[in-house]
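Quick look at upload.txt (compact mmCIF, C-alpha atoms and all ligand atoms):
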```txt
# COMPACT_ATOMS: atom_id res chain seq x y z
CA MET A 59 -9.70 -102.84 -25.45
CA LYS A 60 -7.94 -102.74 -28.81
CA THR A 61 -9.74 -100.61 -31.42
CA LEU A 62 -9.54 -102.04 -34.94
CA LEU A 63 -9.01 -99.48 -37.70
CA THR A 64 -10.36 -100.74 -41.01
CA ARG A 65 -11.66 -99.69 -44.42
CA SER A 66 -13.52 -103.00 -44.82
CA THR A 67 -17.30 -102.83 -44.40
CA VAL A 68 -17.30 -106.65 -44.16
CA ALA A 69 -14.97 -106.64 -41.15
CA ALA A 70 -16.89 -103.78 -39.49
CA ALA A 71 -20.30 -105.42 -40.04
CA ARG A 72 -19.02 -108.70 -38.59
CA ILE A 73 -18.19 -106.86 -35.34
CA ILE A 74 -21.74 -105.46 -35.18
CA ARG A 75 -23.22 -108.93 -35.66
CA ARG A 76 -21.08 -110.21 -32.78
CA GLY A 77 -22.41 -107.57 -30.40
CA GLY A 78 -19.55 -105.05 -30.72
CA THR A 79 -19.35 -101.29 -31.25
CA VAL A 80 -18.28 -99.71 -34.57
CA ALA A 81 -17.79 -96.04 -35.46
CA PHE A 82 -18.73 -95.40 -39.09
CA PRO A 83 -18.87 -92.42 -41.46
CA THR A 84 -22.11 -90.80 -42.64
CA GLU A 85 -22.65 -87.62 -44.68
CA THR A 86 -23.50 -85.65 -41.49
CA VAL A 87 -21.03 -86.80 -38.80
CA TYR A 88 -19.49 -90.12 -37.75
CA GLY A 89 -21.80 -92.37 -35.71
CA LEU A 90 -20.98 -94.97 -33.02
CA GLY A 91 -23.10 -98.02 -33.79
CA ALA A 92 -24.33 -101.27 -32.23
CA ASP A 93 -27.08 -103.77 -33.11
CA VAL A 94 -30.24 -102.07 -31.86
CA PHE A 95 -31.86 -105.40 -30.92
CA ASP A 96 -28.89 -106.39 -28.71
CA ARG A 97 -29.47 -104.60 -25.40
CA ARG A 98 -25.98 -105.28 -24.07
CA ALA A 99 -24.35 -103.99 -27.25
CA VAL A 100 -26.41 -100.79 -27.01
CA GLU A 101 -25.33 -100.32 -23.38
CA LYS A 102 -21.70 -100.37 -24.58
CA ILE A 103 -22.38 -97.21 -26.61
CA PHE A 104 -23.53 -95.30 -23.53
CA ARG A 105 -20.47 -96.48 -21.57
CA ALA A 106 -17.95 -95.65 -24.32
CA LYS A 107 -19.29 -92.11 -24.79
CA GLY A 108 -20.11 -91.39 -21.16
CA ARG A 109 -23.59 -90.56 -22.48
CA PRO A 110 -26.43 -89.86 -20.04
CA ALA A 111 -28.91 -92.78 -20.10
CA ASP A 112 -31.82 -90.37 -20.64
CA ASN A 113 -30.62 -89.33 -24.12
CA PRO A 114 -32.14 -91.57 -26.85
CA LEU A 115 -30.17 -92.91 -29.82
CA ILE A 116 -30.99 -92.61 -33.53
CA VAL A 117 -31.46 -95.97 -35.26
CA HIS A 118 -29.87 -96.27 -38.70
CA VAL A 119 -31.22 -98.46 -41.50
CA GLY A 120 -29.58 -99.63 -44.72
CA SER A 121 -32.88 -99.97 -46.58
CA ARG A 122 -36.42 -98.65 -46.30
CA GLU A 123 -37.65 -102.22 -45.70
CA GLN A 124 -35.94 -102.24 -42.28
CA ILE A 125 -38.13 -99.38 -41.04
CA GLY A 126 -41.00 -101.81 -40.42
CA SER A 127 -39.01 -103.67 -37.74
CA LEU A 128 -38.63 -100.47 -35.68
CA THR A 129 -42.06 -98.87 -35.78
CA GLY A 130 -45.63 -100.09 -36.13
CA GLU A 131 -47.67 -98.10 -38.54
CA VAL A 132 -45.93 -95.49 -40.68
CA SER A 133 -48.39 -92.60 -41.12
CA GLU A 134 -49.19 -91.06 -44.53
CA THR A 135 -47.21 -87.97 -43.52
CA ALA A 136 -44.17 -89.96 -42.42
CA GLN A 137 -44.28 -91.90 -45.69
CA LYS A 138 -44.14 -88.67 -47.66
CA PHE A 139 -41.01 -87.54 -45.79
CA ILE A 140 -39.45 -90.98 -46.27
CA ARG A 141 -40.12 -90.95 -50.01
CA ARG A 142 -38.59 -87.51 -50.38
CA PHE A 143 -35.65 -87.52 -47.93
CA PHE A 144 -34.53 -91.13 -47.32
CA PRO A 145 -31.66 -91.75 -47.80
CA GLY A 146 -30.41 -88.41 -46.49
CA PRO A 147 -29.66 -86.17 -43.50
CA LEU A 148 -33.13 -86.49 -41.91
CA THR A 149 -34.14 -88.39 -38.75
CA LEU A 150 -37.84 -89.16 -38.29
CA VAL A 151 -39.24 -89.69 -34.79
CA LEU A 152 -41.99 -92.33 -35.00
CA PRO A 153 -43.82 -94.61 -32.54
CA ARG A 154 -41.49 -97.34 -31.21
CA ALA A 155 -42.19 -101.01 -31.95
CA ASP A 156 -42.10 -103.31 -28.89
CA ARG A 157 -39.04 -105.09 -30.27
CA VAL A 158 -36.86 -102.00 -29.89
CA PRO A 159 -35.27 -102.20 -26.42
CA PRO A 160 -36.11 -99.19 -24.18
CA VAL A 161 -32.41 -98.66 -23.45
CA ALA A 162 -31.95 -97.47 -27.07
CA THR A 163 -34.77 -94.92 -26.84
CA ALA A 164 -34.07 -93.88 -23.25
CA GLY A 165 -37.44 -95.33 -22.23
CA LEU A 166 -39.42 -93.22 -24.73
CA GLU A 167 -42.36 -94.70 -26.64
CA THR A 168 -40.88 -93.21 -29.83
CA VAL A 169 -37.82 -94.03 -31.92
CA GLY A 170 -35.64 -91.83 -34.17
CA ILE A 171 -34.95 -93.46 -37.56
CA ARG A 172 -32.51 -92.40 -40.25
CA MET A 173 -31.21 -93.86 -43.52
CA PRO A 174 -27.91 -92.11 -44.30
CA GLY A 175 -27.21 -91.01 -47.85
CA HIS A 176 -23.58 -92.07 -47.83
CA ARG A 177 -22.20 -94.88 -49.95
CA LEU A 178 -19.92 -96.46 -47.36
CA ALA A 179 -22.50 -96.08 -44.58
CA LEU A 180 -25.20 -97.81 -46.64
CA GLU A 181 -22.85 -100.60 -47.67
CA PHE A 182 -21.90 -101.13 -44.02
CA LEU A 183 -25.50 -100.99 -42.76
CA GLN A 184 -26.70 -103.45 -45.40
CA LYS A 185 -23.98 -105.90 -44.39
CA CYS A 186 -24.98 -105.59 -40.71
CA ARG A 187 -28.40 -107.05 -41.67
CA THR A 188 -29.90 -105.35 -38.61
CA PRO A 189 -30.75 -101.72 -37.81
CA VAL A 190 -27.89 -99.99 -36.02
CA ALA A 191 -28.40 -97.63 -33.07
CA ALA A 192 -25.84 -94.83 -33.31
CA PRO A 193 -25.31 -91.45 -31.67
CA SER A 194 -22.48 -89.22 -32.86
CA ALA A 195 -19.12 -90.92 -32.21
CA ASN A 196 -17.66 -88.38 -29.78
CA LEU A 197 -17.21 -88.37 -26.02
CA SER A 198 -20.38 -86.89 -24.56
CA GLY A 199 -20.24 -83.09 -24.57
CA ARG A 200 -17.43 -82.78 -27.15
CA PRO A 201 -17.94 -81.59 -30.74
CA SER A 202 -19.29 -84.28 -33.08
CA PRO A 203 -16.57 -85.99 -35.15
CA THR A 204 -16.37 -85.22 -38.86
CA THR A 205 -13.25 -87.35 -39.51
CA TRP A 206 -12.18 -90.78 -38.37
CA GLU A 207 -9.17 -89.16 -36.70
CA ALA A 208 -11.54 -87.16 -34.48
CA VAL A 209 -13.28 -90.42 -33.50
CA PHE A 210 -9.87 -91.92 -32.73
CA GLU A 211 -8.96 -88.91 -30.56
CA ASP A 212 -12.04 -89.41 -28.36
CA LEU A 213 -12.70 -93.17 -28.42
CA ASP A 214 -9.52 -95.13 -29.16
CA GLY A 215 -9.41 -98.03 -26.68
CA ARG A 216 -13.09 -97.55 -25.75
CA ILE A 217 -14.77 -99.09 -28.83
CA ASP A 218 -14.20 -102.19 -30.96
CA CYS A 219 -13.71 -100.69 -34.40
CA ILE A 220 -13.50 -97.55 -36.55
CA LEU A 221 -14.61 -97.86 -40.17
CA GLN A 222 -12.35 -95.32 -41.84
CA GLY A 223 -13.94 -93.05 -44.43
CA GLU A 224 -13.46 -89.54 -45.74
CA ILE A 225 -14.39 -86.27 -44.01
CA ALA A 226 -18.16 -85.99 -43.48
CA GLU A 227 -19.51 -83.89 -46.33
CA ILE A 228 -22.15 -81.92 -44.41
CA GLY A 229 -20.38 -81.74 -41.04
CA LEU A 230 -23.48 -80.99 -38.89
CA GLU A 231 -25.90 -83.58 -37.46
CA SER A 232 -29.16 -84.55 -39.18
CA THR A 233 -32.43 -82.64 -38.97
CA VAL A 234 -34.63 -84.36 -36.35
CA LEU A 235 -38.35 -84.27 -37.21
CA ASP A 236 -41.03 -85.52 -34.80
CA CYS A 237 -43.88 -87.11 -36.77
CA THR A 238 -45.84 -88.49 -33.82
CA GLY A 239 -48.14 -85.51 -33.26
CA GLU A 240 -50.74 -83.67 -35.32
CA ILE A 241 -48.19 -81.52 -37.09
CA PRO A 242 -44.56 -82.42 -37.82
CA LEU A 243 -42.14 -80.65 -35.47
CA VAL A 244 -38.47 -79.92 -36.09
CA LEU A 245 -36.62 -80.88 -32.88
CA ARG A 246 -33.14 -80.15 -34.26
CA ALA A 247 -32.14 -78.07 -37.29
CA GLY A 248 -29.96 -79.73 -39.93
CA ALA A 249 -29.14 -79.86 -43.62
CA VAL A 250 -32.75 -80.62 -44.54
CA THR A 251 -34.26 -77.18 -44.03
CA LEU A 252 -37.65 -76.09 -42.69
CA GLU A 253 -38.47 -74.71 -46.16
CA GLN A 254 -37.80 -78.11 -47.75
CA LEU A 255 -39.94 -79.91 -45.14
CA ARG A 256 -42.76 -77.41 -45.71
CA GLU A 257 -42.77 -78.29 -49.39
CA ILE A 258 -44.00 -81.72 -48.26
CA VAL A 259 -46.16 -80.66 -45.29
CA PRO A 260 -46.78 -76.88 -45.15
CA GLU A 261 -47.81 -76.96 -41.45
CA THR A 262 -44.38 -78.25 -40.32
CA ALA A 263 -43.20 -76.12 -37.38
CA VAL A 264 -40.14 -75.68 -35.21
CA TYR A 265 -40.44 -77.08 -31.70
CA LEU A 266 -39.84 -74.47 -29.04
CA LEU A 267 -39.19 -75.67 -25.52
CA LYS A 268 -41.65 -74.03 -23.13
CA LYS A 269 -40.45 -73.28 -19.63
CA ASP A 270 -41.05 -76.13 -17.14
CA GLU A 271 -42.08 -78.53 -19.89
CA ARG A 272 -40.37 -81.87 -20.34
CA PRO A 273 -38.42 -81.52 -23.58
CA LYS A 274 -39.53 -83.74 -26.45
CA SER A 275 -35.92 -84.35 -27.34
CA PRO A 276 -33.94 -85.06 -24.18
CA GLY A 277 -30.72 -84.33 -26.05
CA LEU A 278 -31.75 -80.70 -26.31
CA ARG A 279 -31.26 -80.34 -22.57
CA HIS A 280 -27.68 -81.50 -22.51
CA ARG A 281 -24.70 -79.30 -23.17
CA HIS A 282 -23.53 -79.96 -26.70
CA TYR A 283 -21.01 -79.35 -29.40
CA SER A 284 -18.64 -77.51 -27.11
CA PRO A 285 -14.94 -77.08 -27.45
CA ARG A 286 -13.03 -76.38 -24.24
CA ALA A 287 -12.38 -72.86 -25.53
CA ARG A 288 -14.98 -70.15 -25.01
CA VAL A 289 -17.10 -69.62 -28.15
CA ILE A 290 -17.98 -66.02 -29.02
CA LEU A 291 -20.49 -65.10 -31.72
CA ALA A 292 -19.12 -62.29 -33.86
CA GLY A 293 -21.74 -60.38 -35.83
CA ASP A 294 -19.38 -57.60 -36.87
CA GLN A 295 -15.78 -57.49 -37.95
CA VAL A 296 -13.46 -58.24 -35.04
CA THR A 297 -10.99 -55.40 -35.06
CA GLU A 298 -9.19 -55.51 -31.72
CA THR A 299 -6.53 -58.09 -31.22
CA VAL A 300 -7.49 -60.69 -28.64
CA GLU A 301 -4.91 -62.81 -26.95
CA ASN A 302 -4.77 -66.56 -27.60
CA ALA A 303 -7.89 -66.48 -29.76
CA ALA A 304 -8.99 -68.04 -33.04
CA PHE A 305 -11.44 -67.03 -35.75
CA ILE A 306 -13.68 -68.95 -38.15
CA GLY A 307 -16.02 -67.39 -40.68
CA LEU A 308 -16.43 -66.15 -44.23
CA ARG A 309 -14.68 -62.75 -44.11
CA ARG A 310 -10.99 -62.48 -43.31
CA PRO A 311 -10.71 -60.62 -39.98
CA THR A 312 -8.56 -57.52 -39.68
CA ALA A 313 -7.45 -58.35 -36.13
CA ASP A 314 -4.61 -60.77 -35.41
CA PHE A 315 -5.56 -64.29 -34.35
CA ARG A 316 -3.42 -67.31 -33.53
CA LEU A 317 -5.55 -69.46 -35.79
CA VAL A 318 -7.77 -68.28 -38.65
CA ARG A 319 -10.09 -70.30 -40.87
CA VAL A 320 -11.72 -68.40 -43.74
CA CYS A 321 -14.36 -70.45 -45.56
CA ASP A 322 -15.51 -69.97 -49.17
CA SER A 323 -19.16 -70.82 -48.56
CA PHE A 324 -21.75 -71.63 -45.90
CA ASP A 325 -21.36 -75.29 -46.79
CA GLU A 326 -17.64 -75.18 -46.19
CA TYR A 327 -18.18 -73.29 -42.91
CA ALA A 328 -20.61 -76.02 -41.73
CA ARG A 329 -18.24 -78.79 -42.80
CA SER A 330 -15.22 -77.17 -41.07
CA LEU A 331 -16.74 -75.99 -37.79
CA PHE A 332 -16.43 -79.02 -35.49
CA ASP A 333 -13.00 -79.93 -36.85
CA PHE A 334 -11.85 -76.36 -36.22
CA PHE A 335 -13.16 -76.51 -32.63
CA ARG A 336 -11.08 -79.62 -32.06
CA ARG A 337 -7.99 -78.06 -33.64
CA CYS A 338 -8.34 -75.05 -31.32
CA ASP A 339 -8.58 -77.34 -28.28
CA ARG A 340 -5.42 -79.19 -29.28
CA ARG A 341 -3.61 -75.85 -29.51
CA GLY A 342 -4.89 -74.64 -26.14
CA ILE A 343 -6.80 -71.70 -27.66
CA ALA A 344 -8.83 -69.79 -25.03
CA ALA A 345 -11.52 -68.13 -27.18
CA ILE A 346 -12.97 -68.84 -30.64
CA TYR A 347 -14.70 -66.02 -32.52
CA CYS A 348 -17.30 -67.39 -34.92
CA GLU A 349 -18.85 -65.20 -37.59
CA THR A 350 -22.66 -65.28 -37.50
CA VAL A 351 -24.54 -66.14 -40.72
CA PRO A 352 -28.08 -65.57 -42.04
CA GLU A 353 -30.46 -68.35 -40.98
CA GLU A 354 -31.20 -69.61 -44.46
CA GLY A 355 -30.43 -73.05 -45.85
CA ILE A 356 -27.64 -74.70 -43.88
CA GLY A 357 -27.22 -71.33 -42.09
CA ALA A 358 -30.09 -72.19 -39.71
CA ALA A 359 -28.35 -75.37 -38.53
CA LEU A 360 -25.00 -73.61 -38.35
CA MET A 361 -26.41 -70.83 -36.15
CA ASP A 362 -28.14 -73.42 -33.95
CA ARG A 363 -24.82 -75.19 -33.29
CA LEU A 364 -22.95 -71.90 -32.80
CA ARG A 365 -25.49 -70.68 -30.24
CA ARG A 366 -25.37 -73.93 -28.30
CA ALA A 367 -21.57 -73.90 -28.31
CA ALA A 368 -21.61 -70.32 -27.04
CA GLU A 369 -23.92 -71.09 -24.08
CA ASP A 370 -22.15 -71.41 -20.75
O1 LIG B 401 -26.56 -86.89 -38.13
C1 LIG B 401 -26.89 -87.48 -37.10
O2 LIG B 401 -28.03 -87.41 -36.64
C2 LIG B 401 -25.83 -88.30 -36.39
C3 LIG B 401 -25.44 -89.47 -37.30
C4 LIG B 401 -24.49 -90.42 -36.66
O3 LIG B 401 -26.61 -90.11 -37.75
N1 LIG B 401 -26.30 -88.77 -35.12
C5 LIG B 401 -26.47 -87.96 -34.05
O4 LIG B 401 -26.91 -88.61 -32.92
O5 LIG B 401 -26.27 -86.76 -34.09
P1 LIG B 401 -26.93 -87.93 -31.47
O6 LIG B 401 -27.26 -88.99 -30.52
O7 LIG B 401 -25.67 -87.21 -31.24
O8 LIG B 401 -28.15 -86.96 -31.54
C6 LIG B 401 -29.46 -87.52 -31.60
C7 LIG B 401 -30.48 -86.48 -31.25
C8 LIG B 401 -30.48 -86.18 -29.77
O9 LIG B 401 -30.70 -84.79 -29.58
C9 LIG B 401 -31.65 -87.02 -29.26
O10 LIG B 401 -32.22 -86.48 -28.09
C10 LIG B 401 -32.60 -86.97 -30.46
O11 LIG B 401 -31.76 -87.01 -31.58
N2 LIG B 401 -33.49 -88.15 -30.47
C11 LIG B 401 -33.17 -89.44 -30.72
N3 LIG B 401 -34.25 -90.25 -30.58
C12 LIG B 401 -35.28 -89.44 -30.24
C13 LIG B 401 -36.66 -89.66 -29.93
N4 LIG B 401 -37.19 -90.87 -29.94
N5 LIG B 401 -37.42 -88.59 -29.61
C14 LIG B 401 -36.89 -87.36 -29.59
N6 LIG B 401 -35.60 -87.07 -29.86
C15 LIG B 401 -34.79 -88.10 -30.16
MG MG B 402 -24.24 -86.13 -30.42
```
Can you give me the file's structure in the form of structure tokens?
Amino acid sequence: MKTLLTRSTVAAARIIRRGGTVAFPTETVYGLGADVFDRRAVEKIFRAKGRPADNPLIVHVGSREQIGSLTGEVSETAQKFIRRFFPGPLTLVLPRADRVPPVATAGLETVGIRMPGHRLALEFLQKCRTPVAAPSANLSGRPSPTTWEAVFEDLDGRIDCILQGEIAEIGLESTVLDCTGEIPLVLRAGAVTLEQLREIVPETAVYLLKKDERPKSPGLRHRHYSPRARVILAGDQVTETVENAAFIGLRRPTADFRLVRVCDSFDEYARSLFDFFRRCDRRGIAAIYCETVPEEGIGAALMDRLRRAAED
């Protein structure tokens, strides 16, 4: 299959309306989209990524009006989060409307909904005139793509189109918030922080997977965000020289590394992480030392991704 590279939202939206797959930029990471109401188009996403069928997709909307086609009743609580954080880097898990094909939600009775706060993404989604199911646009198991070049590296020849935009400004995936229970539960940390969510609903809590329980978010079970290199969390200065290793963090290390990325801020660290992982893989780096950060603001999401990447 030939993958069209384009900067035209009109051309990209036309492909969605014809049942094709389009990778598009958002402020978190690039997504790989298809018309959520077209079951066969949604199946193409799973095939292109090699994604397990039990991992549900997030459905993206270009306007708040589209939310009604995906879920029945939007609770008072959910409405408050929508008013405050849509458009933005927040996904709300709500009861699924019958119209949404089970393949998109991996058979769950709930659906994840997000309205990106990104100009090109919104323009594209509005032109699609249908909600767009879209996971991150990487091969399953690889780091999420923050540039269109990273999408190209993983999916060229496997998808119909890449809508080319700039580097994703946040660089980590959205906060996923389950609003189907009595209290809102954070299933995945992201740029919208627990503190911000608690300003709206003070009871909001972080979901902790209990042993032997079926996870609420199937994606949490799968290995994620991993470069081929081994990821090592570095709390202290790395002083010994390690062979064929790389470093990313805020303080310049004293040891010698083949590749070093020193970031000016937590935001820059978050934005650079997945791209750095990919760069290390291209260079055949064996180990990546990542400086740990305090779990405040974007730091909580950053530490979440670092820990997952460091798991074997
Ligand atoms: O920032 C993002 O969220 C990006 C952009 C493209 O929007 N998307 C993204 O999608 O990261 P993906 O598929 O890589 O991650 C979606 C996560 C998975 O962990 C999945 O299990 C969870 O959201 N999820 C989706 N629908 C769900 C549902 N109905 N219930 C629980 N978890 C759900
Ligand atoms: Mg993903």
Sorted by chain and rising residue number, list the residues of region 72-166 of chain A at most 9 Å from region 188-197 of chain A (counting all atoms listed in the file), each with its closest atom pair and distance in Å to one decimal, as a tab-separated table.
```
residue	atom	partner	partner_atom	distance
A:Ile74	CA	A:Val190	CA	8.3
A:Arg75	CA	A:Thr188	CA	8.1
A:Ala81	CA	A:Ala195	CA	6.2
A:Phe82	CA	A:Ala195	CA	8.2
A:Val87	CA	A:Ser194	CA	6.6
A:Tyr88	CA	A:Ala195	CA	5.6
A:Gly89	CA	A:Ser194	CA	4.3
A:Leu90	CA	A:Ala195	CA	4.5
A:Gly91	CA	A:Ala192	CA	4.2
A:Ala92	CA	A:Val190	CA	5.4
A:Asp93	CA	A:Val190	CA	4.8
A:Val94	CA	A:Ala191	CA	5.0
A:Phe95	CA	A:Pro189	CA	7.9
A:Val100	CA	A:Ala191	CA	7.1
A:Ile103	CA	A:Ala192	CA	7.9
A:Ala106	CA	A:Leu197	CA	7.5
A:Lys107	CA	A:Leu197	CA	4.5
A:Gly108	CA	A:Leu197	CA	6.4
A:Arg109	CA	A:Leu197	CA	7.6
A:Pro114	CA	A:Pro193	CA	8.4
A:Leu115	CA	A:Pro193	CA	5.4
A:Ile116	CA	A:Ala192	CA	5.6
A:Val117	CA	A:Ala191	CA	4.1
A:His118	CA	A:Val190	CA	5.0
A:Val119	CA	A:Pro189	CA	4.9
A:Gly120	CA	A:Pro189	CA	7.3
A:Gln124	CA	A:Pro189	CA	6.9
A:Ile125	CA	A:Pro189	CA	8.4
A:Ser127	CA	A:Pro189	CA	8.5
A:Leu128	CA	A:Pro189	CA	8.3
A:Ala162	CA	A:Ala191	CA	7.0
```
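CA of Arg341 (chain A) is found 10.3 Å from CA of Ala303 (chain A).
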What does the distance from CA of Glu211 (chain A) to CA of Arg329 (chain A) come to in Å, to one decimal? 18.4 Å
Find, counting all atoms listed in the file, the residue in A:Ser284, A:Thr84, A:Thr129, A:Gln295 that gets nearest to His176 (chain A). A:Thr84
Smallest atom-to-atom distance to ligand MG 402 (chain B): which of A:Leu230, A:Ile171, A:Ile290, A:Ile346, using only C-alpha atoms and all ligand atoms?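 Of A:Leu230, A:Ile171, A:Ile290, A:Ile346, the one nearest ligand MG 402 (chain B), counting only C-alpha atoms and all ligand atoms, is A:Leu230.
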Would you work out the distance separating CA of Gly293 (chain A) from CA of Val351 (chain A), expressed in Å to one decimal?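 Distance reported for this atom pair: 8.1 Å.
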Residue contacts of Leu317 (chain A) (9 Å, all atoms listed in the file) excluding same-chain residues fewer than 5 positions away, as a list of chain:residue names: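 Counting only the stated atoms, we get A:Asn302, A:Ala303, A:Ala304, A:Phe305, A:Ile306, A:Cys338, A:Ile343.
Residue nearest Gln184 (chain A) within the list A:Val300, A:Ala368, A:Ile217, A:Ala71: A:Ala71 [criterion: smallest interatomic distance, only C-alpha atoms].
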Quick one: of A:Thr238, A:Tyr347, A:Arg200, A:Ala99, who's nearest to Val132 (chain A), counting only C-alpha atoms?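 Ranking A:Thr238, A:Tyr347, A:Arg200, A:Ala99 by distance to Val132 (chain A), first place goes to A:Thr238.
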